[in-house]
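Visitor: Dropping in query-v9.pdb, which is PDB, C-alpha atoms:
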ATOM      1  CA  MET I   1     -60.454  41.649  53.764
ATOM      2  CA  THR I   2     -60.767  43.097  50.287
ATOM      3  CA  ALA I   3     -58.767  46.338  50.457
ATOM      4  CA  LEU I   4     -55.060  47.009  50.725
ATOM      5  CA  ASP I   5     -54.333  48.594  54.111
ATOM      6  CA  LYS I   6     -50.740  49.619  53.487
ATOM      7  CA  GLU I   7     -49.677  51.966  50.731
ATOM      8  CA  PHE I   8     -46.750  50.973  48.550
ATOM      9  CA  ASP I   9     -45.020  52.246  45.441
ATOM     10  CA  PHE I  10     -45.409  50.499  42.107
ATOM     11  CA  SER I  11     -42.905  50.365  39.251
ATOM     12  CA  ARG I  12     -42.875  48.644  35.848
ATOM     13  CA  PRO I  13     -39.349  48.686  34.376
ATOM     14  CA  LYS I  14     -39.128  48.416  30.582
ATOM     15  CA  THR I  15     -35.711  46.750  30.368
ATOM     16  CA  ILE I  16     -33.576  44.392  32.438
ATOM     17  CA  GLU I  17     -31.131  47.265  32.958
ATOM     18  CA  GLN I  18     -33.884  49.459  34.402
ATOM     19  CA  LEU I  19     -35.054  46.570  36.553
ATOM     20  CA  TYR I  20     -31.691  46.071  38.195
ATOM     21  CA  ASN I  21     -30.966  49.749  38.580
ATOM     22  CA  LEU I  22     -34.198  49.857  40.601
ATOM     23  CA  VAL I  23     -33.301  46.708  42.561
ATOM     24  CA  GLN I  24     -29.878  48.125  43.465
ATOM     25  CA  GLU I  25     -31.501  51.412  44.469
ATOM     26  CA  CYS I  26     -33.945  49.585  46.740
ATOM     27  CA  GLN I  27     -31.179  47.511  48.287
ATOM     28  CA  HIS I  28     -29.059  50.623  48.902
ATOM     29  CA  GLU I  29     -31.974  52.446  50.544
ATOM     30  CA  GLY I  30     -33.133  49.412  52.523
ATOM     31  CA  ARG I  31     -36.571  49.381  50.869
ATOM     32  CA  HIS I  32     -38.424  46.066  50.901
ATOM     33  CA  PHE I  33     -39.400  45.094  47.353
ATOM     34  CA  VAL I  34     -41.270  42.189  45.814
ATOM     35  CA  PHE I  35     -41.600  41.122  42.178
ATOM     36  CA  SER I  36     -44.976  40.671  40.510
ATOM     37  CA  ALA I  37     -45.548  38.685  37.312
ATOM     38  CA  GLY I  38     -49.225  37.906  36.651
ATOM     39  CA  GLY I  39     -50.100  39.158  40.140
ATOM     40  CA  THR I  40     -52.642  36.428  40.913
ATOM     41  CA  ASP I  41     -50.701  35.146  43.927
ATOM     42  CA  ILE I  42     -49.111  38.332  45.204
ATOM     43  CA  MET I  43     -52.369  40.323  45.295
ATOM     44  CA  LEU I  44     -53.834  37.847  47.776
ATOM     45  CA  HIS I  45     -50.722  38.142  49.933
ATOM     46  CA  LEU I  46     -50.882  41.925  49.838
ATOM     47  CA  LYS I  47     -54.562  41.962  50.804
ATOM     48  CA  SER I  48     -54.051  39.539  53.678
ATOM     49  CA  GLU I  49     -50.867  41.386  54.721
ATOM     50  CA  ILE I  50     -48.726  38.308  54.460
ATOM     51  CA  LEU I  51     -46.561  40.669  52.418
ATOM     52  CA  SER I  52     -46.062  44.358  53.289
ATOM     53  CA  PRO I  53     -43.524  45.693  50.778
ATOM     54  CA  ASP I  54     -42.416  49.270  50.255
ATOM     55  CA  ILE I  55     -42.528  48.769  46.488
ATOM     56  CA  VAL I  56     -43.997  46.227  44.075
ATOM     57  CA  ILE I  57     -41.875  45.775  40.954
ATOM     58  CA  SER I  58     -43.928  44.499  38.023
ATOM     59  CA  LEU I  59     -42.175  42.367  35.414
ATOM     60  CA  THR I  60     -44.917  42.851  32.831
ATOM     61  CA  GLY I  61     -42.916  45.576  31.078
ATOM     62  CA  LEU I  62     -40.407  42.958  29.835
ATOM     63  CA  PRO I  63     -42.052  41.511  26.678
ATOM     64  CA  ALA I  64     -38.968  39.433  25.828
ATOM     65  CA  LEU I  65     -39.955  37.136  28.714
ATOM     66  CA  ASN I  66     -43.363  36.398  27.167
ATOM     67  CA  THR I  67     -42.383  34.050  24.347
ATOM     68  CA  ILE I  68     -42.329  30.348  23.455
ATOM     69  CA  GLU I  69     -39.729  29.172  20.929
ATOM     70  CA  LYS I  70     -38.428  25.887  19.587
ATOM     71  CA  ARG I  71     -34.636  25.835  19.395
ATOM     72  CA  GLY I  72     -33.187  22.583  18.174
ATOM     73  CA  ASN I  73     -34.433  19.836  20.497
ATOM     74  CA  HIS I  74     -35.573  22.259  23.221
ATOM     75  CA  ILE I  75     -38.654  24.360  23.893
ATOM     76  CA  ILE I  76     -37.736  27.726  25.466
ATOM     77  CA  ILE I  77     -40.585  29.195  27.510
ATOM     78  CA  GLY I  78     -40.470  32.789  28.709
ATOM     79  CA  ALA I  79     -41.271  33.012  32.406
ATOM     80  CA  LEU I  80     -43.963  35.655  31.790
ATOM     81  CA  THR I  81     -45.929  33.421  29.413
ATOM     82  CA  SER I  82     -49.480  33.133  30.727
ATOM     83  CA  LEU I  83     -50.767  29.673  31.555
ATOM     84  CA  SER I  84     -53.559  30.211  29.051
ATOM     85  CA  ASP I  85     -51.124  31.029  26.221
ATOM     86  CA  LEU I  86     -48.920  28.131  27.270
ATOM     87  CA  SER I  87     -51.741  25.595  27.042
ATOM     88  CA  LYS I  88     -52.767  26.837  23.567
ATOM     89  CA  ASN I  89     -49.297  27.146  22.032
ATOM     90  CA  ASN I  90     -48.610  24.942  18.990
ATOM     91  CA  HIS I  91     -45.119  23.922  20.177
ATOM     92  CA  ILE I  92     -46.517  22.881  23.563
ATOM     93  CA  GLN I  93     -49.444  20.978  22.057
ATOM     94  CA  GLU I  94     -47.138  19.120  19.676
ATOM     95  CA  HIS I  95     -44.149  18.368  21.887
ATOM     96  CA  LEU I  96     -45.254  18.833  25.535
ATOM     97  CA  PRO I  97     -49.020  18.152  25.652
ATOM     98  CA  SER I  98     -48.911  17.017  29.275
ATOM     99  CA  LEU I  99     -47.486  20.415  30.296
ATOM    100  CA  GLY I 100     -50.348  22.125  28.517
ATOM    101  CA  GLY I 101     -52.754  19.760  30.256
ATOM    102  CA  ALA I 102     -51.284  20.586  33.666
ATOM    103  CA  ALA I 103     -51.528  24.319  32.908
ATOM    104  CA  ARG I 104     -55.223  23.913  32.075
ATOM    105  CA  LYS I 105     -55.829  22.415  35.521
ATOM    106  CA  VAL I 106     -54.565  25.534  37.343
ATOM    107  CA  ALA I 107     -57.230  27.674  39.034
ATOM    108  CA  SER I 108     -59.831  29.125  36.624
ATOM    109  CA  PRO I 109     -59.818  30.462  33.039
ATOM    110  CA  GLN I 110     -59.784  34.043  34.301
ATOM    111  CA  ILE I 111     -56.778  33.392  36.522
ATOM    112  CA  ARG I 112     -54.937  31.425  33.820
ATOM    113  CA  ASN I 113     -55.235  34.447  31.539
ATOM    114  CA  ARG I 114     -53.126  36.402  34.060
ATOM    115  CA  ALA I 115     -51.064  33.800  35.896
ATOM    116  CA  THR I 116     -47.647  32.996  34.407
ATOM    117  CA  ILE I 117     -45.625  29.806  34.133
ATOM    118  CA  GLY I 118     -42.801  31.437  36.087
ATOM    119  CA  GLY I 119     -45.206  32.433  38.828
ATOM    120  CA  ASN I 120     -46.657  28.932  39.006
ATOM    121  CA  ILE I 121     -43.331  27.200  39.525
ATOM    122  CA  MET I 122     -42.458  29.918  42.068
ATOM    123  CA  VAL I 123     -45.843  29.862  43.844
ATOM    124  CA  GLU I 124     -45.547  30.283  47.603
ATOM    125  CA  ASN I 125     -45.944  27.192  49.745
ATOM    126  CA  ARG I 126     -49.341  27.116  51.439
ATOM    127  CA  CYS I 127     -50.617  26.361  54.934
ATOM    128  CA  SER I 128     -54.064  26.903  56.436
ATOM    129  CA  TYR I 129     -52.506  28.794  59.354
ATOM    130  CA  ILE I 130     -50.895  31.503  57.192
ATOM    131  CA  ASN I 131     -53.022  31.683  54.015
ATOM    132  CA  GLN I 132     -55.956  33.513  55.554
ATOM    133  CA  SER I 133     -56.882  37.085  56.424
ATOM    134  CA  ARG I 134     -55.008  39.054  59.080
ATOM    135  CA  LEU I 135     -58.170  39.008  61.212
ATOM    136  CA  ASN I 136     -58.351  35.209  61.116
ATOM    137  CA  ARG I 137     -54.635  34.887  61.835
ATOM    138  CA  GLN I 138     -55.213  36.816  65.061
ATOM    139  CA  SER I 139     -57.204  33.854  66.399
ATOM    140  CA  HIS I 140     -53.984  31.933  67.009
ATOM    141  CA  SER I 141     -50.401  32.816  67.837
ATOM    142  CA  PRO I 142     -48.210  33.720  64.830
ATOM    143  CA  CYS I 143     -46.318  30.866  63.218
ATOM    144  CA  PHE I 144     -42.700  30.949  62.057
ATOM    145  CA  LYS I 145     -43.759  32.217  58.632
ATOM    146  CA  ALA I 146     -45.516  35.160  60.318
ATOM    147  CA  ASP I 147     -42.472  36.034  62.456
ATOM    148  CA  GLY I 148     -43.741  33.919  65.347
ATOM    149  CA  ASN I 149     -42.127  31.068  67.241
ATOM    150  CA  ILE I 150     -44.327  28.063  66.561
ATOM    151  CA  CYS I 151     -45.419  25.697  63.812
ATOM    152  CA  HIS I 152     -49.069  24.875  64.477
ATOM    153  CA  LEU I 153     -48.741  21.627  62.505
ATOM    154  CA  VAL I 154     -45.639  20.357  64.338
ATOM    155  CA  LYS I 155     -45.590  22.051  67.713
ATOM    156  CA  SER I 156     -42.321  20.411  68.781
ATOM    157  CA  VAL I 157     -40.367  22.363  66.140
ATOM    158  CA  LYS I 158     -38.094  25.109  67.486
ATOM    159  CA  ARG I 159     -35.811  27.700  65.925
ATOM    160  CA  GLY I 160     -32.563  26.110  64.843
ATOM    161  CA  ASP I 161     -34.226  22.964  63.483
ATOM    162  CA  ASP I 162     -33.540  22.058  59.852
ATOM    163  CA  ILE I 163     -37.191  22.532  58.864
ATOM    164  CA  LEU I 164     -39.245  25.188  60.651
ATOM    165  CA  CYS I 165     -42.257  25.426  58.350
ATOM    166  CA  GLN I 166     -44.405  22.625  56.931
ATOM    167  CA  ALA I 167     -46.298  24.795  54.404
ATOM    168  CA  ARG I 168     -46.859  22.540  51.420
ATOM    169  CA  PHE I 169     -45.642  22.827  47.828
ATOM    170  CA  VAL I 170     -48.602  23.315  45.439
ATOM    171  CA  SER I 171     -47.397  24.024  41.877
ATOM    172  CA  ASP I 172     -49.349  22.148  39.180
ATOM    173  CA  THR I 173     -46.866  22.665  36.334
ATOM    174  CA  ALA I 174     -43.639  21.889  38.188
ATOM    175  CA  PRO I 175     -44.128  18.071  38.352
ATOM    176  CA  ILE I 176     -44.231  17.683  34.552
ATOM    177  CA  LEU I 177     -41.331  20.120  34.100
ATOM    178  CA  LEU I 178     -39.293  18.211  36.687
ATOM    179  CA  LEU I 179     -39.851  14.889  34.931
ATOM    180  CA  GLN I 180     -38.612  16.481  31.686
ATOM    181  CA  GLY I 181     -35.355  17.585  33.364
ATOM    182  CA  SER I 182     -36.059  21.279  32.803
ATOM    183  CA  THR I 183     -33.533  24.022  33.477
ATOM    184  CA  LEU I 184     -34.011  27.689  34.407
ATOM    185  CA  ASP I 185     -32.303  30.800  33.084
ATOM    186  CA  ILE I 186     -31.930  33.244  35.964
ATOM    187  CA  ILE I 187     -30.705  36.810  36.105
ATOM    188  CA  GLY I 188     -29.945  38.989  39.099
ATOM    189  CA  PRO I 189     -27.684  41.713  40.421
ATOM    190  CA  ALA I 190     -24.715  39.304  40.209
ATOM    191  CA  GLY I 191     -25.436  38.435  36.570
ATOM    192  CA  PRO I 192     -27.016  35.484  34.711
ATOM    193  CA  ARG I 193     -26.829  31.838  35.694
ATOM    194  CA  GLU I 194     -28.543  28.542  34.863
ATOM    195  CA  ILE I 195     -29.804  25.921  37.295
ATOM    196  CA  LYS I 196     -31.819  22.739  37.113
ATOM    197  CA  LEU I 197     -35.445  23.202  38.106
ATOM    198  CA  ALA I 198     -34.916  20.451  40.682
ATOM    199  CA  ASP I 199     -32.327  22.674  42.409
ATOM    200  CA  LEU I 200     -34.827  25.528  42.811
ATOM    201  CA  TYR I 201     -36.764  23.837  45.605
ATOM    202  CA  LEU I 202     -35.629  23.644  49.235
ATOM    203  CA  ASN I 203     -36.900  21.600  52.174
ATOM    204  CA  ASP I 204     -38.314  24.363  54.374
ATOM    205  CA  GLY I 205     -41.769  25.755  53.588
ATOM    206  CA  MET I 206     -40.691  29.218  54.702
ATOM    207  CA  GLU I 207     -37.464  29.513  52.695
ATOM    208  CA  SER I 208     -38.672  27.248  49.919
ATOM    209  CA  LYS I 209     -36.767  28.530  46.850
ATOM    210  CA  SER I 210     -33.045  28.832  46.175
ATOM    211  CA  LEU I 211     -33.163  32.138  44.252
ATOM    212  CA  MET I 212     -31.014  34.848  45.755
ATOM    213  CA  ARG I 213     -32.489  38.205  46.705
ATOM    214  CA  GLY I 214     -33.247  40.209  43.571
ATOM    215  CA  GLU I 215     -33.028  37.296  41.130
ATOM    216  CA  ILE I 216     -35.783  36.444  38.653
ATOM    217  CA  ILE I 217     -36.412  33.525  36.310
ATOM    218  CA  THR I 218     -36.299  34.640  32.677
ATOM    219  CA  HIS I 219     -36.789  31.393  30.737
ATOM    220  CA  ILE I 220     -37.550  27.713  31.261
ATOM    221  CA  LYS I 221     -35.741  25.326  28.945
ATOM    222  CA  VAL I 222     -37.381  21.952  28.327
ATOM    223  CA  GLU I 223     -35.839  19.188  26.240
ATOM    224  CA  ILE I 224     -38.299  17.768  23.728
ATOM    225  CA  PRO I 225     -39.000  14.222  24.937
ATOM    226  CA  GLU I 226     -38.175  11.311  22.680
ATOM    227  CA  ASN I 227     -39.834   7.920  22.961
ATOM    228  CA  SER I 228     -41.697   8.825  26.150
ATOM    229  CA  ALA I 229     -45.101  10.083  27.258
ATOM    230  CA  SER I 230     -46.392  11.732  30.426
ATOM    231  CA  HIS I 231     -49.646  12.486  32.241
ATOM    232  CA  TYR I 232     -50.752  14.679  35.184
ATOM    233  CA  GLU I 233     -53.594  13.945  37.616
ATOM    234  CA  LYS I 234     -54.857  16.371  40.269
ATOM    235  CA  LEU I 235     -57.040  15.827  43.345
ATOM    236  CA  THR I 236     -59.214  18.802  44.341
ATOM    237  CA  ILE I 237     -62.630  19.522  45.814
ATOM    238  CA  ARG I 238     -63.552  21.716  42.816
ATOM    239  CA  ASN I 239     -62.382  21.475  39.214
ATOM    240  CA  ALA I 240     -61.653  25.209  39.240
ATOM    241  CA  LEU I 241     -59.773  27.492  41.630
ATOM    242  CA  ASP I 242     -58.345  24.923  44.059
ATOM    243  CA  PHE I 243     -54.682  24.256  44.659
ATOM    244  CA  PRO I 244     -53.844  20.548  44.445
ATOM    245  CA  ALA I 245     -54.579  18.471  47.528
ATOM    246  CA  LEU I 246     -52.474  15.988  45.588
ATOM    247  CA  GLY I 247     -50.902  16.189  42.142
ATOM    248  CA  VAL I 248     -49.158  13.266  40.437
ATOM    249  CA  ALA I 249     -47.191  13.424  37.199
ATOM    250  CA  VAL I 250     -46.122  10.159  35.568
ATOM    251  CA  LEU I 251     -43.616   9.718  32.740
ATOM    252  CA  ARG I 252     -43.181   6.403  30.939
ATOM    253  CA  ARG I 253     -40.256   5.798  28.610
ATOM    254  CA  GLY I 254     -40.319   3.504  25.619
ATOM    255  CA  ASN I 255     -38.264   0.871  27.461
ATOM    256  CA  GLY I 256     -40.890   0.704  30.231
ATOM    257  CA  ASP I 257     -39.015   2.776  32.842
ATOM    258  CA  ILE I 258     -41.244   4.975  35.013
ATOM    259  CA  SER I 259     -40.713   8.342  36.706
ATOM    260  CA  VAL I 260     -43.137  10.019  39.109
ATOM    261  CA  ALA I 261     -43.329  13.560  40.524
ATOM    262  CA  LEU I 262     -45.598  14.690  43.369
ATOM    263  CA  THR I 263     -47.015  18.037  44.460
ATOM    264  CA  GLY I 264     -49.211  19.023  47.404
ATOM    265  CA  LEU I 265     -47.791  16.475  49.849
ATOM    266  CA  ASN I 266     -44.599  17.943  51.279
ATOM    267  CA  THR I 267     -42.635  21.173  51.550
ATOM    268  CA  ARG I 268     -41.029  20.415  48.170
ATOM    269  CA  PRO I 269     -41.864  18.296  45.141
ATOM    270  CA  GLY I 270     -40.961  14.629  45.232
ATOM    271  CA  VAL I 271     -39.380  12.913  42.216
ATOM    272  CA  PHE I 272     -38.866   9.144  41.916
ATOM    273  CA  HIS I 273     -37.503   6.864  39.199
ATOM    274  CA  ALA I 274     -37.803   3.126  38.558
ATOM    275  CA  THR I 275     -35.920   1.082  35.964
ATOM    276  CA  LEU I 276     -37.852  -1.914  34.647
ATOM    277  CA  GLU I 277     -34.821  -4.196  34.328
ATOM    278  CA  ASN I 278     -34.315  -4.000  38.107
ATOM    279  CA  TYR I 279     -37.630  -5.792  38.757
ATOM    280  CA  GLU I 280     -38.989  -9.224  37.997
ATOM    281  CA  THR I 281     -42.287  -7.869  36.684
ATOM    282  CA  HIS I 282     -43.806  -4.570  35.577
ATOM    283  CA  ASP I 283     -46.226  -4.656  38.512
ATOM    284  CA  ASP I 284     -43.334  -5.126  40.974
ATOM    285  CA  MET I 285     -41.875  -1.878  39.616
ATOM    286  CA  ILE I 286     -45.184  -0.047  40.043
ATOM    287  CA  VAL I 287     -45.619  -1.326  43.597
ATOM    288  CA  ASP I 288     -42.103  -0.145  44.473
ATOM    289  CA  ILE I 289     -42.437   3.344  43.018
ATOM    290  CA  CYS I 290     -45.824   3.739  44.726
ATOM    291  CA  GLN I 291     -44.159   2.821  48.018
ATOM    292  CA  LYS I 292     -41.345   5.350  47.453
ATOM    293  CA  ALA I 293     -43.937   8.044  46.774
ATOM    294  CA  ASN I 294     -45.893   7.115  49.910
ATOM    295  CA  ASP I 295     -42.744   7.156  52.049
ATOM    296  CA  PHE I 296     -42.001  10.709  50.850
ATOM    297  CA  THR I 297     -45.456  12.002  51.728
ATOM    298  CA  VAL I 298     -46.099  14.214  54.762
ATOM    299  CA  THR I 299     -49.857  14.734  55.120
ATOM    300  CA  TYR I 300     -50.665  17.167  57.895
ATOM    301  CA  GLN I 301     -54.286  18.240  58.166
ATOM    302  CA  GLN I 302     -54.163  21.386  56.044
ATOM    303  CA  ASP I 303     -56.596  20.332  53.338
ATOM    304  CA  PHE I 304     -60.275  19.402  52.891
ATOM    305  CA  PHE I 305     -59.464  15.734  52.219
ATOM    306  CA  PRO I 306     -58.639  13.367  55.099
ATOM    307  CA  ARG I 307     -54.922  12.662  55.425
ATOM    308  CA  GLY I 308     -55.255   8.933  54.861
ATOM    309  CA  TYR I 309     -57.368   9.411  51.744
ATOM    310  CA  ARG I 310     -54.850  11.759  50.150
ATOM    311  CA  LYS I 311     -52.074   9.270  50.786
ATOM    312  CA  ASN I 312     -54.087   6.336  49.445
ATOM    313  CA  MET I 313     -54.808   8.238  46.243
ATOM    314  CA  ILE I 314     -51.106   8.474  45.343
ATOM    315  CA  SER I 315     -50.925   4.896  44.081
ATOM    316  CA  VAL I 316     -54.337   5.296  42.403
ATOM    317  CA  PHE I 317     -53.096   8.327  40.462
ATOM    318  CA  ILE I 318     -49.788   6.677  39.560
ATOM    319  CA  ARG I 319     -51.547   3.624  38.139
ATOM    320  CA  ARG I 320     -54.157   5.799  36.450
ATOM    321  CA  GLY I 321     -51.435   7.889  34.829
ATOM    322  CA  ILE I 322     -49.631   4.823  33.523
ATOM    323  CA  ASN I 323     -52.880   3.431  32.118
ATOM    324  CA  LYS I 324     -53.674   6.750  30.425
ATOM    325  CA  ILE I 325     -50.260   6.739  28.760
ATOM    326  CA  LEU I 326     -50.593   3.133  27.624
ATOM    327  CA  GLU I 327     -54.010   3.993  26.187
ATOM    328  CA  GLY I 328     -52.441   6.870  24.252
ATOM    329  CA  GLY I 329     -53.620   9.791  26.395
ATOM    330  CA  LYS I 330     -50.920  12.388  27.066
ATOM    331  CA  SER I 331     -52.444  15.199  29.062
TER     332      SER I 331
END
Turn the structure described in the file into structure tokens.

Guide:
Amino acid sequence: MTALDKEFDFSRPKTIEQLYNLVQECQHEGRHFVFSAGGTDIMLHLKSEILSPDIVISLTGLPALNTIEKRGNHIIIGALTSLSDLSKNNHIQEHLPSLGGAARKVASPQIRNRATIGGNIMVENRCSYINQSRLNRQSHSPCFKADGNICHLVKSVKRGDDILCQARFVSDTAPILLLQGSTLDIIGPAGPREIKLADLYLNDGMESKSLMRGEIITHIKVEIPENSASHYEKLTIRNALDFPALGVAVLRRGNGDISVALTGLNTRPGVFHATLENYETHDDMIVDICQKANDFTVTYQQDFFPRGYRKNMISVFIRRGINKILEGGKS
């Protein structure tokens, strides 16, 4: 399916005030709206009719959200910054090279020119039973995410359970940002607020983000790391286009402590920490954090790679990331 079957209105507010006047108008009239940043994710959902809004509200008319600044010991990244601009920015290359490296692993150059950092950390969870054309979805009964009453991955799930949807988390940039303790500036009809990036993600693949209706991320605040280095590895069939079958970010501090963040293996990212002084040897620490990461993993068959292979590669990527850091590679 390559055409949009349902007509919808399109608006590009020029100020935050205009944005929220429009949001309040839509809420008052009961019109279903969705936000669009770079549009690389939402266009696919519109074409496949996963989304059928009455109006698409573009955020591209808000240039103040397309900036990268260094303020004191923090890097402030506007949520509308493209992944391409992010990876090339001098502040990112100097202070957060692993974030730039993760951004360069997203999709393709053409998509990175449009896709935004805010959109990548907010990317919809994916499942092979929902992320396909409407015609293909008609070959099986609708799942919970398509207003049905079944999860095709876990058929025993029923409405009322804590987790209805097992669609997997697939952001490439979030793992590095999580390891850096990033925070988000958010604005909505109720006003501005700040949350930790870790608090954005929820357990259910259907209701996977904690933003309230009408809220948007304006900026991502990242503390400049001191005496630490990080690395991101990604498992895919192709070097371009693919979402991560597995993504592993590793951060090593100067005292030898290790932190690990995972993507592609659960409904939310996994984050694990290990303190060297709690172990007899460095390798004991690595074995333990690899085991914690494996215990977190839920590998249903919704990817090209066999489930067991994806799980086995977690410890490979963790060790590879640590070795890269020790060798001086930070990407």

Visitor: Give me the result of the PyMOL selection byres ((chain I and resi 165-167) around 6) on this file, residue by residue, as a PyMOL selection string.

Guide: chain I and resi 125-127+163-164+168+204-206+267

Visitor: Apply the PyMOL selection byres ((chain I and resi 49) around 10) to the structure shown and report the selected residues as a PyMOL selection string.

Guide: chain I and resi 1+4-6+43-48+50-53+131-134+146

Visitor: Could you state which residues are captured by the PyMOL selection byres ((chain I and resi 101) around 10) in this file, as a list of chain:residue names?

Guide: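 For this structure, the PyMOL selection byres ((chain I and resi 101) around 10) captures I:Leu86, I:Ser87, I:Lys88, I:Ile92, I:Gln93, I:Leu96, I:Pro97, I:Ser98, I:Leu99, I:Gly100, I:Ala102, I:Ala103, I:Arg104, I:Lys105, I:Val106, I:Asp172, I:Thr173, I:Ile176, I:His231, I:Tyr232, I:Glu233, I:Lys330, I:Ser331.
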
Visitor: What does the distance between CA of Arg159 (chain I) and CA of Ser208 (chain I) come to in Å, to one decimal place?

Guide: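 Separation of CA of Arg159 (chain I) and CA of Ser208 (chain I): 16.3 Å.
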
Visitor: May I ask which of the residues I:Ile57, I:Ile224, I:Ile130, I:Val170 is the closest one to Asn73 (chain I), counting all atoms listed in the file?

Guide: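 For Asn73 (chain I), the nearest of the given residues is I:Ile224.
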
Visitor: Using all atoms of region 237-243 of chain I that appear in the file, construct an axis-aligned enclosing box with 6 Å of padding on every side and provide its centre coordinates and edge lengths in Å, rounded to one decimal, as JSON.

Guide:
{"center_x": -59.1, "center_y": 23.5, "center_z": 42.5, "size_x": 20.9, "size_y": 20.0, "size_z": 18.6}

Visitor: Please, which residues are within 10 Å of (-45.9, 19.6, 61.7) by the file's coordinates, counting only C-alpha atoms, and could they come as a PyMOL selection string?

Guide: chain I and resi 150-157+163-167+298-301

Visitor: To one decimal place, how far is CA of Arg193 (chain I) from CA of Gly78 (chain I) in Å?

Guide: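 That distance, rounded to one decimal, is 15.4 Å.
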
Visitor: Name all residues at most 9 Å from Leu211 (chain I) (count all atoms listed in the file; drop same-chain ones fewer than 5 positions away) and give them as an MDAnalysis selection string.

Guide: chainID I and resid 186 200 216:217

Visitor: Between I:Asn149, I:Lys292, I:His219, I:Tyr129, which residue has the minimum interatomic distance to Ile117 (chain I), considering only C-alpha atoms?

Guide: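 Checking each candidate against Ile117 (chain I), we get I:His219 as the closest.
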
Visitor: What separation in Å, quoted to one decimal, exists between CA of Ala229 (chain I) and CA of Lys324 (chain I)?

Guide: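 Computed distance, CA of Ala229 (chain I) to CA of Lys324 (chain I), equals 9.7 Å.
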
Visitor: Counting all atoms listed in the file, figure out which residue out of I:Leu202, I:Ile195, I:Ile68, I:Leu265 gets nearest to Thr297 (chain I).

Guide: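 For Thr297 (chain I), the nearest of the given residues is I:Leu265.
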
Visitor: Restricted to N, CA and C atoms, what does region 213-224 of chain I look like when written out as a CSV table (one decimal), in the first residue's frame?

Guide:
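Output file decode-v9.csv follows:
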chain,number,residue,atom,x,y,z
I,213,ARG,N,-1.7,13.0,27.0
I,213,ARG,CA,-2.2,13.4,25.7
I,213,ARG,C,-2.0,14.9,25.4
I,214,GLY,N,-1.4,15.2,24.3
I,214,GLY,CA,-1.1,16.5,23.9
I,214,GLY,C,0.3,17.0,24.3
I,215,GLU,N,1.1,16.2,25.0
I,215,GLU,CA,2.4,16.7,25.4
I,215,GLU,C,3.4,16.4,24.4
I,216,ILE,N,4.5,17.2,24.3
I,216,ILE,CA,5.6,16.9,23.4
I,216,ILE,C,6.9,17.1,24.1
I,217,ILE,N,7.9,16.4,23.7
I,217,ILE,CA,9.3,16.7,24.2
I,217,ILE,C,9.9,17.9,23.5
I,218,THR,N,10.4,18.8,24.2
I,218,THR,CA,11.1,20.0,23.6
I,218,THR,C,12.6,19.8,23.6
I,219,HIS,N,13.2,19.4,24.6
I,219,HIS,CA,14.6,19.3,24.7
I,219,HIS,C,15.1,18.0,25.5
I,220,ILE,N,16.2,17.5,25.2
I,220,ILE,CA,16.9,16.4,25.9
I,220,ILE,C,18.1,17.0,26.5
I,221,LYS,N,18.3,16.8,27.8
I,221,LYS,CA,19.4,17.4,28.6
I,221,LYS,C,20.3,16.2,29.0
I,222,VAL,N,21.6,16.3,28.5
I,222,VAL,CA,22.5,15.2,28.8
I,222,VAL,C,23.7,15.8,29.5
I,223,GLU,N,24.0,15.2,30.7
I,223,GLU,CA,25.2,15.7,31.4
I,223,GLU,C,26.5,15.2,30.7
I,224,ILE,N,27.4,16.1,30.5
I,224,ILE,CA,28.7,15.7,29.9
I,224,ILE,C,29.4,14.7,30.8
